[in-house]
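Structure file start-v1.txt (compact mmCIF, C-alpha atoms) follows.
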```txt
# COMPACT_ATOMS: atom_id res chain seq x y z
CA MET A 1 -41.06 -41.99 -17.53
CA GLY A 2 -42.43 -40.19 -14.50
CA ALA A 3 -43.75 -41.81 -11.33
CA VAL A 4 -47.42 -42.07 -10.41
CA HIS A 5 -48.47 -41.28 -6.85
CA ILE A 6 -51.95 -42.11 -5.57
CA ALA A 7 -53.67 -40.85 -2.45
CA PRO A 8 -54.89 -42.79 -0.61
CA GLY A 9 -55.00 -45.58 -3.20
CA ASN A 10 -55.84 -49.27 -2.82
CA PRO A 11 -54.07 -52.59 -3.42
CA GLY A 12 -54.67 -52.24 -7.16
CA THR A 13 -53.12 -48.79 -7.48
CA ALA A 14 -50.14 -50.00 -5.44
CA LEU A 15 -49.27 -52.23 -8.40
CA VAL A 16 -48.83 -49.25 -10.75
CA GLY A 17 -47.65 -46.45 -8.45
CA VAL A 18 -46.98 -45.36 -4.88
CA ASN A 19 -49.86 -45.01 -2.42
CA HIS A 20 -49.88 -42.24 0.16
CA PRO A 21 -52.23 -42.02 3.16
CA VAL A 22 -54.05 -38.69 3.08
CA ASP A 23 -57.49 -37.29 3.78
CA ILE A 24 -58.73 -36.60 0.24
CA MET A 25 -61.29 -34.11 1.60
CA ASP A 26 -58.52 -31.96 3.10
CA GLY A 27 -57.37 -29.62 0.33
CA ARG A 28 -54.45 -28.31 2.34
CA ALA A 29 -53.16 -31.82 3.05
CA VAL A 30 -53.45 -32.81 -0.61
CA ALA A 31 -51.66 -29.64 -1.72
CA GLU A 32 -48.87 -30.20 0.79
CA LEU A 33 -48.39 -33.79 -0.39
CA ALA A 34 -48.31 -32.71 -4.05
CA THR A 35 -45.78 -30.00 -3.23
CA ALA A 36 -43.57 -32.40 -1.29
CA LEU A 37 -43.62 -34.85 -4.21
CA GLY A 38 -42.83 -32.13 -6.75
CA ALA A 39 -45.92 -33.13 -8.72
CA ASP A 40 -46.19 -31.92 -12.32
CA LEU A 41 -49.93 -32.65 -12.44
CA VAL A 42 -52.60 -33.47 -9.90
CA VAL A 43 -55.76 -35.28 -10.99
CA VAL A 44 -58.61 -34.97 -8.47
CA GLY A 45 -60.74 -38.01 -9.21
CA PRO A 46 -63.79 -38.40 -6.96
CA GLU A 47 -66.70 -35.99 -6.89
CA ALA A 48 -66.77 -35.29 -3.14
CA PRO A 49 -63.29 -33.66 -2.93
CA LEU A 50 -64.02 -31.71 -6.13
CA VAL A 51 -67.19 -30.26 -4.64
CA ALA A 52 -65.26 -29.60 -1.42
CA GLY A 53 -62.72 -27.46 -3.30
CA VAL A 54 -59.64 -29.69 -3.16
CA ALA A 55 -58.69 -28.68 -6.71
CA ASP A 56 -58.77 -25.02 -5.67
CA ALA A 57 -56.32 -25.67 -2.83
CA VAL A 58 -53.87 -27.43 -5.13
CA ARG A 59 -54.12 -24.68 -7.77
CA ALA A 60 -53.42 -22.13 -5.09
CA ALA A 61 -50.16 -23.99 -4.42
CA GLY A 62 -49.14 -23.37 -8.04
CA ILE A 63 -49.53 -26.95 -9.29
CA PRO A 64 -51.45 -27.75 -12.51
CA VAL A 65 -54.71 -29.51 -11.66
CA PHE A 66 -57.05 -31.60 -13.75
CA GLY A 67 -60.37 -31.16 -12.01
CA PRO A 68 -62.89 -28.32 -11.73
CA SER A 69 -63.09 -25.73 -8.99
CA ALA A 70 -65.65 -26.12 -6.22
CA GLU A 71 -67.94 -23.67 -8.01
CA ALA A 72 -67.64 -25.44 -11.38
CA ALA A 73 -68.06 -28.87 -9.74
CA GLN A 74 -71.58 -27.84 -8.79
CA LEU A 75 -72.51 -29.20 -12.22
CA GLU A 76 -72.43 -32.52 -10.38
CA GLY A 77 -72.83 -31.33 -6.81
CA SER A 78 -76.28 -29.84 -7.41
CA LYS A 79 -78.73 -31.11 -10.00
CA ALA A 80 -80.68 -27.86 -9.63
CA PHE A 81 -77.54 -25.88 -10.53
CA ALA A 82 -76.91 -28.14 -13.53
CA LYS A 83 -80.48 -27.57 -14.72
CA MET A 84 -80.00 -23.82 -14.40
CA ILE A 85 -76.81 -23.94 -16.47
CA MET A 86 -78.44 -26.12 -19.13
CA GLU A 87 -81.38 -23.74 -19.40
CA ALA A 88 -79.07 -20.75 -19.77
CA ALA A 89 -76.94 -22.56 -22.35
CA GLY A 90 -79.87 -23.92 -24.35
CA VAL A 91 -78.89 -27.53 -23.67
CA PRO A 92 -81.71 -30.05 -24.22
CA THR A 93 -82.72 -31.85 -21.03
CA ALA A 94 -85.73 -33.23 -19.21
CA ALA A 95 -88.34 -30.85 -17.81
CA ALA A 96 -87.91 -30.74 -14.02
CA ARG A 97 -89.07 -29.18 -10.77
CA LEU A 98 -86.96 -28.38 -7.70
CA CYS A 99 -89.08 -29.30 -4.67
CA LEU A 100 -88.45 -28.00 -1.15
CA SER A 101 -91.53 -29.54 0.50
CA MET A 102 -93.49 -32.75 0.23
CA ASP A 103 -96.49 -30.81 -1.06
CA GLU A 104 -94.34 -29.62 -3.97
CA VAL A 105 -93.09 -33.20 -4.50
CA VAL A 106 -96.61 -34.61 -4.72
CA ALA A 107 -97.70 -31.84 -7.10
CA ALA A 108 -94.69 -32.43 -9.38
CA LEU A 109 -95.23 -36.20 -9.42
CA ASP A 110 -98.83 -35.68 -10.44
CA GLU A 111 -97.77 -33.14 -13.09
CA TYR A 112 -95.29 -35.44 -14.84
CA GLY A 113 -96.96 -38.77 -14.14
CA ALA A 114 -95.47 -42.26 -14.24
CA PRO A 115 -92.80 -43.47 -14.63
CA TYR A 116 -91.74 -41.20 -11.76
CA VAL A 117 -88.18 -39.86 -11.73
CA VAL A 118 -87.01 -38.61 -8.32
CA LYS A 119 -83.46 -37.34 -7.74
CA ASP A 120 -81.63 -36.19 -4.65
CA ASP A 121 -80.28 -32.74 -5.51
CA GLY A 122 -76.87 -33.43 -3.94
CA LEU A 123 -74.18 -36.09 -4.23
CA ALA A 124 -75.40 -39.63 -3.63
CA ALA A 125 -72.72 -41.90 -5.17
CA GLY A 126 -75.01 -42.75 -8.10
CA LYS A 127 -77.73 -44.10 -5.79
CA GLY A 128 -79.78 -40.92 -5.25
CA VAL A 129 -82.12 -41.57 -8.18
CA ILE A 130 -85.25 -43.67 -8.35
CA VAL A 131 -87.28 -44.40 -11.48
CA THR A 132 -90.49 -46.20 -10.66
CA ASN A 133 -94.15 -46.65 -11.54
CA ASP A 134 -94.93 -46.90 -7.81
CA ARG A 135 -96.09 -43.46 -6.65
CA ASP A 136 -95.73 -44.38 -2.96
CA ALA A 137 -92.13 -45.54 -3.54
CA ALA A 138 -91.40 -42.26 -5.32
CA ILE A 139 -92.79 -40.29 -2.37
CA ARG A 140 -90.80 -42.35 0.13
CA HIS A 141 -87.58 -41.75 -1.78
CA ALA A 142 -88.27 -38.02 -1.97
CA ALA A 143 -88.89 -37.95 1.78
CA SER A 144 -85.46 -39.53 2.38
CA CYS A 145 -83.71 -36.74 0.49
CA GLY A 146 -83.15 -33.08 1.26
CA ARG A 147 -83.73 -30.91 -1.79
CA VAL A 148 -85.44 -33.00 -4.44
CA ILE A 149 -85.65 -32.82 -8.22
CA ILE A 150 -88.70 -34.34 -9.91
CA GLU A 151 -88.26 -34.87 -13.66
CA GLU A 152 -90.22 -36.05 -16.63
CA PHE A 153 -89.29 -39.54 -17.73
CA LEU A 154 -87.01 -39.78 -20.76
CA ASP A 155 -87.49 -42.75 -23.06
CA GLY A 156 -84.84 -44.30 -25.27
CA PRO A 157 -81.37 -45.78 -24.65
CA GLU A 158 -78.85 -43.97 -22.46
CA VAL A 159 -75.33 -43.07 -23.55
CA SER A 160 -72.33 -41.71 -21.65
CA LEU A 161 -69.99 -39.24 -23.31
CA PHE A 162 -66.86 -37.78 -21.71
CA ALA A 163 -65.03 -34.65 -22.80
CA LEU A 164 -61.85 -33.05 -21.51
CA SER A 165 -61.97 -29.27 -21.14
CA ASP A 166 -59.42 -26.56 -20.40
CA GLY A 167 -62.19 -24.05 -19.72
CA VAL A 168 -62.46 -23.01 -23.38
CA ASN A 169 -61.79 -25.97 -25.66
CA VAL A 170 -63.03 -29.54 -25.47
CA LEU A 171 -61.67 -32.92 -26.55
CA ALA A 172 -64.29 -35.66 -26.68
CA PHE A 173 -64.01 -39.37 -25.99
CA GLU A 174 -65.91 -42.03 -27.88
CA PRO A 175 -69.33 -42.83 -26.37
CA ALA A 176 -69.96 -45.69 -23.97
CA GLN A 177 -72.98 -47.18 -22.26
CA ASP A 178 -73.25 -48.27 -18.64
CA PHE A 179 -75.79 -50.36 -16.73
CA LYS A 180 -77.20 -48.64 -13.64
CA ARG A 181 -79.64 -51.22 -12.29
CA VAL A 182 -78.29 -53.86 -9.95
CA GLY A 183 -79.77 -56.92 -11.66
CA ASP A 184 -80.01 -58.63 -15.04
CA GLY A 185 -82.63 -57.19 -17.34
CA ASP A 186 -82.32 -53.83 -15.58
CA ALA A 187 -84.05 -55.15 -12.48
CA GLY A 188 -83.69 -53.71 -8.99
CA PRO A 189 -82.47 -50.37 -7.65
CA ASN A 190 -80.03 -47.96 -9.24
CA THR A 191 -76.34 -48.32 -8.40
CA GLY A 192 -73.15 -46.50 -9.23
CA GLY A 193 -72.94 -48.76 -12.31
CA MET A 194 -72.68 -52.53 -12.79
CA GLY A 195 -70.80 -52.60 -16.08
CA ALA A 196 -70.13 -50.75 -19.33
CA TYR A 197 -68.93 -51.21 -22.89
CA THR A 198 -67.58 -49.34 -25.89
CA PRO A 199 -67.98 -48.75 -28.82
CA LEU A 200 -71.73 -48.56 -29.47
CA PRO A 201 -72.51 -50.31 -32.78
CA TRP A 202 -76.12 -49.11 -32.69
CA ALA A 203 -75.38 -45.41 -32.05
CA PRO A 204 -76.32 -42.97 -34.81
CA ASN A 205 -73.54 -41.61 -37.01
CA GLY A 206 -72.25 -38.27 -35.85
CA LEU A 207 -73.45 -38.73 -32.27
CA THR A 208 -70.23 -37.45 -30.69
CA ASP A 209 -70.15 -34.34 -32.86
CA GLU A 210 -73.82 -33.65 -32.05
CA VAL A 211 -73.24 -33.99 -28.31
CA VAL A 212 -70.21 -31.69 -28.42
CA ALA A 213 -72.10 -29.07 -30.44
CA THR A 214 -75.38 -29.13 -28.52
CA VAL A 215 -74.33 -30.15 -24.98
CA ILE A 216 -70.64 -30.03 -24.11
CA GLN A 217 -69.41 -26.84 -25.79
CA PRO A 218 -72.47 -24.73 -24.85
CA THR A 219 -72.07 -25.82 -21.21
CA ILE A 220 -68.36 -25.02 -21.17
CA ASP A 221 -69.08 -21.63 -22.79
CA GLU A 222 -71.78 -20.81 -20.22
CA MET A 223 -69.52 -21.73 -17.30
CA ARG A 224 -66.78 -19.49 -18.68
CA ARG A 225 -69.27 -16.66 -19.23
CA ARG A 226 -70.22 -16.86 -15.55
CA GLY A 227 -66.61 -16.53 -14.47
CA THR A 228 -66.34 -20.14 -13.27
CA PRO A 229 -64.53 -21.93 -16.12
CA PHE A 230 -64.76 -25.71 -16.07
CA VAL A 231 -61.33 -27.36 -16.24
CA GLY A 232 -61.45 -31.13 -16.10
CA LEU A 233 -63.71 -33.92 -17.30
CA LEU A 234 -67.33 -33.16 -18.13
CA TYR A 235 -69.39 -36.35 -18.21
CA ALA A 236 -72.74 -36.12 -19.98
CA GLY A 237 -75.28 -38.84 -19.27
CA LEU A 238 -77.63 -38.74 -22.24
CA ALA A 239 -80.94 -40.23 -23.35
CA LEU A 240 -81.58 -40.71 -27.06
CA THR A 241 -85.33 -40.07 -26.96
CA LYS A 242 -87.98 -40.05 -29.66
CA ARG A 243 -87.83 -36.25 -29.49
CA GLY A 244 -84.06 -36.14 -29.82
CA LEU A 245 -81.02 -35.96 -27.58
CA ARG A 246 -81.61 -35.05 -23.91
CA VAL A 247 -79.18 -34.69 -20.98
CA VAL A 248 -80.01 -36.93 -18.02
CA GLU A 249 -77.19 -35.71 -15.77
CA PHE A 250 -73.74 -34.15 -15.63
CA ASN A 251 -70.77 -35.47 -13.69
CA ALA A 252 -67.63 -33.44 -13.06
CA ARG A 253 -65.15 -36.32 -13.32
CA PHE A 254 -64.45 -39.64 -15.03
CA GLY A 255 -67.43 -41.97 -14.62
CA ASP A 256 -67.09 -45.45 -13.21
CA PRO A 257 -67.47 -48.04 -14.77
CA GLU A 258 -67.34 -46.46 -18.26
CA THR A 259 -63.79 -45.21 -17.71
CA GLN A 260 -62.23 -48.66 -17.45
CA PRO A 261 -63.25 -49.99 -20.89
CA LEU A 262 -62.77 -46.56 -22.50
CA LEU A 263 -59.20 -46.17 -21.26
CA THR A 264 -58.46 -49.77 -22.22
CA ARG A 265 -59.18 -48.81 -25.85
CA LEU A 266 -57.50 -45.38 -25.74
CA LYS A 267 -54.18 -45.29 -27.61
CA THR A 268 -53.31 -41.64 -26.90
CA PRO A 269 -51.23 -41.25 -23.71
CA LEU A 270 -53.72 -40.00 -21.13
CA GLY A 271 -51.27 -38.00 -19.04
CA GLY A 272 -50.40 -35.61 -21.85
CA ALA A 273 -54.05 -34.92 -22.61
CA LEU A 274 -54.88 -34.24 -18.97
CA HIS A 275 -51.87 -31.93 -18.61
CA ALA A 276 -52.92 -30.02 -21.73
CA ALA A 277 -56.37 -29.51 -20.24
CA ALA A 278 -54.96 -28.46 -16.86
CA THR A 279 -52.61 -25.89 -18.45
CA GLY A 280 -55.01 -24.36 -20.99
CA LYS A 281 -53.36 -25.97 -24.03
CA LEU A 282 -56.04 -28.36 -25.19
CA ALA A 283 -56.36 -26.56 -28.54
CA GLU A 284 -52.80 -27.67 -29.31
CA HIS A 285 -53.47 -31.32 -28.49
CA PRO A 286 -54.22 -33.71 -31.38
CA PRO A 287 -57.48 -35.68 -31.45
CA LEU A 288 -57.64 -38.79 -29.31
CA VAL A 289 -56.72 -42.05 -31.05
CA TRP A 290 -58.73 -45.20 -30.35
CA GLY A 291 -58.11 -48.88 -30.90
CA SER A 292 -60.29 -50.57 -33.48
CA GLY A 293 -61.58 -53.30 -31.16
CA ALA A 294 -64.11 -53.38 -28.33
CA ALA A 295 -63.96 -53.44 -24.53
CA VAL A 296 -66.50 -54.66 -21.98
CA GLY A 297 -66.32 -54.06 -18.23
CA VAL A 298 -68.20 -56.16 -15.66
CA VAL A 299 -68.47 -55.03 -12.05
CA ILE A 300 -68.18 -57.55 -9.23
CA ALA A 301 -70.13 -56.22 -6.24
CA ALA A 302 -70.10 -57.21 -2.60
CA ALA A 303 -72.92 -59.07 -0.91
CA GLY A 304 -75.64 -56.65 0.13
CA TYR A 305 -74.83 -53.98 -2.46
CA PRO A 306 -76.22 -51.37 -2.97
CA ASP A 307 -78.07 -51.16 0.36
CA ALA A 308 -75.54 -52.51 2.89
CA PRO A 309 -72.45 -53.98 1.22
CA ARG A 310 -70.55 -56.49 3.30
CA LYS A 311 -66.86 -55.80 3.86
CA GLY A 312 -63.92 -57.99 4.75
CA ASP A 313 -64.63 -60.98 2.50
CA PRO A 314 -61.50 -62.57 0.95
CA ILE A 315 -60.90 -62.14 -2.78
CA THR A 316 -58.92 -64.61 -4.87
CA GLY A 317 -58.15 -64.85 -8.58
CA ALA A 318 -58.00 -61.10 -9.21
CA GLU A 319 -54.47 -61.00 -10.61
CA ALA A 320 -55.33 -61.05 -14.32
CA GLU A 321 -54.65 -58.08 -16.58
CA GLY A 322 -57.70 -55.90 -16.94
CA VAL A 323 -58.94 -56.34 -13.35
CA PHE A 324 -59.38 -52.88 -11.82
CA HIS A 325 -59.67 -52.45 -8.06
CA ALA A 326 -62.24 -50.18 -6.44
CA GLY A 327 -63.53 -51.37 -3.06
CA THR A 328 -60.54 -53.48 -2.02
CA ALA A 329 -58.09 -53.52 0.88
CA LEU A 330 -55.50 -55.78 2.50
CA ASP A 331 -56.27 -57.31 5.90
CA SER A 332 -53.74 -57.89 8.68
CA ASN A 333 -52.50 -61.00 6.90
CA ASP A 334 -52.06 -59.17 3.56
CA GLN A 335 -55.07 -61.01 2.17
CA LEU A 336 -57.02 -59.05 -0.45
CA VAL A 337 -60.52 -58.37 0.91
CA SER A 338 -63.62 -56.43 -0.05
CA ALA A 339 -63.82 -52.90 1.33
CA GLY A 340 -66.73 -51.33 -0.53
CA GLY A 341 -69.86 -51.96 -2.57
CA ARG A 342 -68.42 -52.22 -6.06
CA VAL A 343 -65.27 -54.23 -5.48
CA LEU A 344 -63.70 -54.87 -8.91
CA THR A 345 -64.31 -54.00 -12.54
CA VAL A 346 -63.17 -56.73 -14.91
CA VAL A 347 -62.45 -55.63 -18.49
CA GLY A 348 -62.19 -57.89 -21.50
CA THR A 349 -61.16 -56.85 -25.00
CA GLY A 350 -61.56 -58.30 -28.47
CA ASP A 351 -62.02 -57.51 -32.12
CA ASN A 352 -65.75 -57.09 -31.48
CA LEU A 353 -68.14 -56.87 -28.52
CA ALA A 354 -68.89 -60.59 -28.54
CA GLU A 355 -65.20 -61.42 -28.12
CA ALA A 356 -64.77 -58.70 -25.50
CA ARG A 357 -67.75 -60.03 -23.52
CA ALA A 358 -66.40 -63.55 -23.63
CA ALA A 359 -63.00 -62.37 -22.41
CA ALA A 360 -64.49 -60.31 -19.58
CA TYR A 361 -66.74 -63.06 -18.27
CA ALA A 362 -63.93 -65.64 -18.54
CA LYS A 363 -61.90 -63.48 -16.14
CA VAL A 364 -64.92 -62.97 -13.86
CA ALA A 365 -65.30 -66.75 -13.60
CA GLN A 366 -61.77 -67.02 -12.18
CA ILE A 367 -62.45 -64.57 -9.34
CA ASP A 368 -63.93 -65.69 -6.05
CA LEU A 369 -65.61 -63.32 -3.60
CA PRO A 370 -67.94 -64.96 -1.06
CA GLY A 371 -71.39 -63.52 -1.54
CA GLY A 372 -70.19 -61.38 -4.43
CA PHE A 373 -72.29 -61.04 -7.56
CA HIS A 374 -72.33 -59.49 -11.03
CA ARG A 375 -74.71 -58.93 -13.90
CA ASN A 376 -74.62 -61.52 -16.67
CA ASP A 377 -76.03 -59.34 -19.44
CA ILE A 378 -73.52 -56.52 -19.79
CA ALA A 379 -73.33 -55.55 -23.50
CA GLN A 380 -75.31 -58.64 -24.51
CA TRP A 381 -77.82 -56.87 -26.75
CA ALA A 382 -75.12 -54.62 -28.23
CA ALA A 383 -72.89 -57.62 -28.99
CA GLU A 384 -75.76 -59.32 -30.81
CA THR A 385 -76.40 -56.11 -32.76
CA ASP A 386 -72.70 -55.81 -33.58
CA LEU A 387 -72.60 -59.40 -34.87
CA ARG A 388 -75.76 -58.96 -36.93
CA GLN A 389 -74.41 -55.78 -38.57
CA ALA A 390 -71.14 -57.55 -39.39
CA GLN A 391 -73.00 -60.44 -41.02
CA GLU A 392 -75.17 -58.06 -43.04
CA SER A 393 -72.11 -56.16 -44.30
CA GLU A 394 -70.51 -59.42 -45.43
CA THR A 395 -73.55 -60.33 -47.53
CA GLU A 396 -73.82 -56.95 -49.25
```

Could you express the structure from this file as structure tokens?
Amino acid sequence: MGAVHIAPGNPGTALVGVNHPVDIMDGRAVAELATALGADLVVVGPEAPLVAGVADAVRAAGIPVFGPSAEAAQLEGSKAFAKMIMEAAGVPTAAARLCLSMDEVVAALDEYGAPYVVKDDGLAAGKGVIVTNDRDAAIRHAASCGRVIIEEFLDGPEVSLFALSDGVNVLAFEPAQDFKRVGDGDAGPNTGGMGAYTPLPWAPNGLTDEVVATVIQPTIDEMRRRGTPFVGLLYAGLALTKRGLRVVEFNARFGDPETQPLLTRLKTPLGGALHAAATGKLAEHPPLVWGSGAAVGVVIAAAGYPDAPRKGDPITGAEAEGVFHAGTALDSNDQLVSAGGRVLTVVGTGDNLAEARAAAYAKVAQIDLPGGFHRNDIAQWAAETDLRQAQESETE
């Protein structure tokens, strides 16, 4: 079994591999580290280094890379670019306007009406979007951005679907659903995600095949046609509206927190699938195999998140299996402390969503982070739906 090296890593990744201090925005430094380690595969995870071209630098060093080029990563780096690609590829999405002045913003808000959807065109760590009935709040958010996208509001539940791509072929994951708002009942501002679950008992049959056929494959084909093939993970954020499937957004990498419960259920070795994508051999890779149960992930966030998360608070009780580190660090006394907004994602599993929820929240209850908080309703409605469907099937 090969070794896993992480750069720069955190206390959680140190438990499964070797951490290396490196500037992840410096493509040359990352390529030099990968070369020195004799890496067989480099996975560029976060969106900022992808948009900065770190994957290009590593490819130039002759090392297989899972992660799109800087040009292809514009699917996430610029919402205006993503809209252009979707239009060219015939991918269903919300009507939108790119606004370069406040006059254009006001006109677009009045055109689409409430609820108002305002998006920063660039990267914003999942917090560049506001959906509100308050026109003044929408205008204030637009004024705080650079280039702004104003969209029509999409009704219906949202779904996340991941697909690996080698630039030609795709290999889809099962769908998941995340929770963007900071508070229970979808209250408060958008975040990078406060929890997620999979599978979706309420999703229509054939959803994955429909998304691949109407969204993922056409986008991959259009990127290849333009001479900028997309090699990596294409994340489609979707709304299942009354008028049909619509794309809310694209990401160019694994999405957090959906990834944690999805990979907990995945039976296929991930490394082999990523290597096949990075080397253009995805067509030879068998379909992904999934466990029959369910997984629920609950994010524990730091005090003040998402506006001004507090750092340096001690964390205890995070040793259980299924606790994934994000914003953590070790202080001078080797005490685990908070170091970011979303600190941990706690995943529970079970035969169904109700059992998985119970397992996740039991682990959350054992973790102490002063001022930390979490949502209490992750997957609650879905678990109730899952249970009701199971009871109905037993009586048939």

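Here CA of Ala362 in chain A and CA of Leu200 in chain A stand 21.7 Å from one another.
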
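Remark: residues at most 12 Å from position (-79.0, -21.6, -13.5) in file coordinates are Gln74, Leu75, Ser78, Lys79, Ala80, Phe81, Ala82, Lys83, Met84, Ile85, Met86, Glu87, Ala88, Ala89, Gly90, Val91, Leu98, Thr219, Glu222, Met223 and Arg226 of chain A, using only C-alpha atoms.
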
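A straight line drawn from CA of Tyr112 in chain A to CA of Arg135 in chain A is 11.5 Å long.
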
Subject >> Closest of A:Asp351, A:Arg243, A:Ala31, A:Gly341 to Gly156 in chain A - atom-to-atom distances counting all atoms listed in the file >> reply: A:Arg243

Subject >> Cut-off 9 Å around (-70.8, -57.8, 4.0) with only C-alpha atoms: residues as number ranges by chain >> reply: A: 302-305, 308-313, 338-341, 371

Could you write those residues out with C-alpha atoms, as a compact mmCIF listing (two decimals), in the coordinates of the input?
```
# COMPACT_ATOMS: atom_id res chain seq x y z
CA ALA A 302 -70.10 -57.21 -2.60
CA ALA A 303 -72.92 -59.07 -0.91
CA GLY A 304 -75.64 -56.65 0.13
CA TYR A 305 -74.83 -53.98 -2.46
CA ALA A 308 -75.54 -52.51 2.89
CA PRO A 309 -72.45 -53.98 1.22
CA ARG A 310 -70.55 -56.49 3.30
CA LYS A 311 -66.86 -55.80 3.86
CA GLY A 312 -63.92 -57.99 4.75
CA ASP A 313 -64.63 -60.98 2.50
CA SER A 338 -63.62 -56.43 -0.05
CA ALA A 339 -63.82 -52.90 1.33
CA GLY A 340 -66.73 -51.33 -0.53
CA GLY A 341 -69.86 -51.96 -2.57
CA GLY A 371 -71.39 -63.52 -1.54
```

**OP:** Go through A:Asn133, A:Ser160, A:Thr35, A:Asn169 one by one, measure the shortest atom-to-atom distance of each to Tyr197 in chain A using all atoms listed in the file, and give the residue with the smallest value.
**Re:** A:Ser160

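Interatomic distance, CA of Val42 in chain A to CA of Asp221 in chain A: 24.0 Å.
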
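Taking all atoms listed in the file into account, Lys281 in chain A lies nearest to A:Gly167 out of the set A:Gly53, A:Gly167, A:Gly17, A:Pro218.
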
Considering all atoms listed in the file, return as an mmCIF file with C-alpha atoms, in the frame of the given file whatever protein or nucleic-acid residues lie within 10 Å of Ile149 in chain A, sequence-local ones (same chain, fewer than 5 positions apart) excluded.
```cif
data_model
loop_
_atom_site.group_PDB
_atom_site.id
_atom_site.type_symbol
_atom_site.label_atom_id
_atom_site.label_comp_id
_atom_site.auth_asym_id
_atom_site.auth_seq_id
_atom_site.Cartn_x
_atom_site.Cartn_y
_atom_site.Cartn_z
ATOM 1 C CA SER A 78 -76.280 -29.840 -7.410
ATOM 2 C CA LYS A 79 -78.730 -31.110 -10.000
ATOM 3 C CA ALA A 80 -80.680 -27.860 -9.630
ATOM 4 C CA LYS A 83 -80.480 -27.570 -14.720
ATOM 5 C CA ALA A 96 -87.910 -30.740 -14.020
ATOM 6 C CA ARG A 97 -89.070 -29.180 -10.770
ATOM 7 C CA LEU A 98 -86.960 -28.380 -7.700
ATOM 8 C CA CYS A 99 -89.080 -29.300 -4.670
ATOM 9 C CA LEU A 100 -88.450 -28.000 -1.150
ATOM 10 C CA VAL A 105 -93.090 -33.200 -4.500
ATOM 11 C CA ALA A 108 -94.690 -32.430 -9.380
ATOM 12 C CA VAL A 117 -88.180 -39.860 -11.730
ATOM 13 C CA VAL A 118 -87.010 -38.610 -8.320
ATOM 14 C CA LYS A 119 -83.460 -37.340 -7.740
ATOM 15 C CA ASP A 120 -81.630 -36.190 -4.650
ATOM 16 C CA ASP A 121 -80.280 -32.740 -5.510
ATOM 17 C CA GLY A 122 -76.870 -33.430 -3.940
ATOM 18 C CA VAL A 129 -82.120 -41.570 -8.180
ATOM 19 C CA ALA A 142 -88.270 -38.020 -1.970
#
```

Could you write range 17-29 of chain A as a compact mmCIF listing (two decimals), in the frame of the given file, with N, CA and C atoms rebuilt where they are missing?
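For reference, selection_16.txt as written:
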```
# COMPACT_ATOMS: atom_id res chain seq x y z
N GLY A 17 -48.21 -47.69 -8.98
CA GLY A 17 -47.65 -46.45 -8.45
C GLY A 17 -47.39 -46.58 -6.96
N VAL A 18 -47.27 -45.42 -6.32
CA VAL A 18 -46.98 -45.36 -4.88
C VAL A 18 -48.19 -44.77 -4.17
N ASN A 19 -48.73 -45.51 -3.20
CA ASN A 19 -49.86 -45.01 -2.42
C ASN A 19 -49.39 -44.14 -1.26
N HIS A 20 -50.19 -43.14 -0.95
CA HIS A 20 -49.88 -42.24 0.16
C HIS A 20 -51.13 -42.04 1.01
N PRO A 21 -51.06 -42.26 2.31
CA PRO A 21 -52.23 -42.02 3.16
C PRO A 21 -52.49 -40.52 3.30
N VAL A 22 -53.69 -40.10 2.96
CA VAL A 22 -54.05 -38.69 3.08
C VAL A 22 -55.57 -38.58 3.11
N ASP A 23 -56.06 -37.56 3.77
CA ASP A 23 -57.49 -37.29 3.78
C ASP A 23 -57.82 -36.55 2.49
N ILE A 24 -58.50 -37.21 1.55
CA ILE A 24 -58.73 -36.60 0.24
C ILE A 24 -59.72 -35.44 0.30
N MET A 25 -60.38 -35.25 1.44
CA MET A 25 -61.29 -34.11 1.60
C MET A 25 -60.57 -32.89 2.17
N ASP A 26 -59.31 -33.05 2.52
CA ASP A 26 -58.52 -31.96 3.10
C ASP A 26 -57.64 -31.36 2.01
N GLY A 27 -58.10 -30.24 1.43
CA GLY A 27 -57.37 -29.62 0.33
C GLY A 27 -55.96 -29.23 0.70
N ARG A 28 -55.79 -28.72 1.90
CA ARG A 28 -54.45 -28.31 2.34
C ARG A 28 -53.50 -29.51 2.41
N ALA A 29 -54.00 -30.63 2.94
CA ALA A 29 -53.16 -31.82 3.05
C ALA A 29 -52.78 -32.35 1.67
```
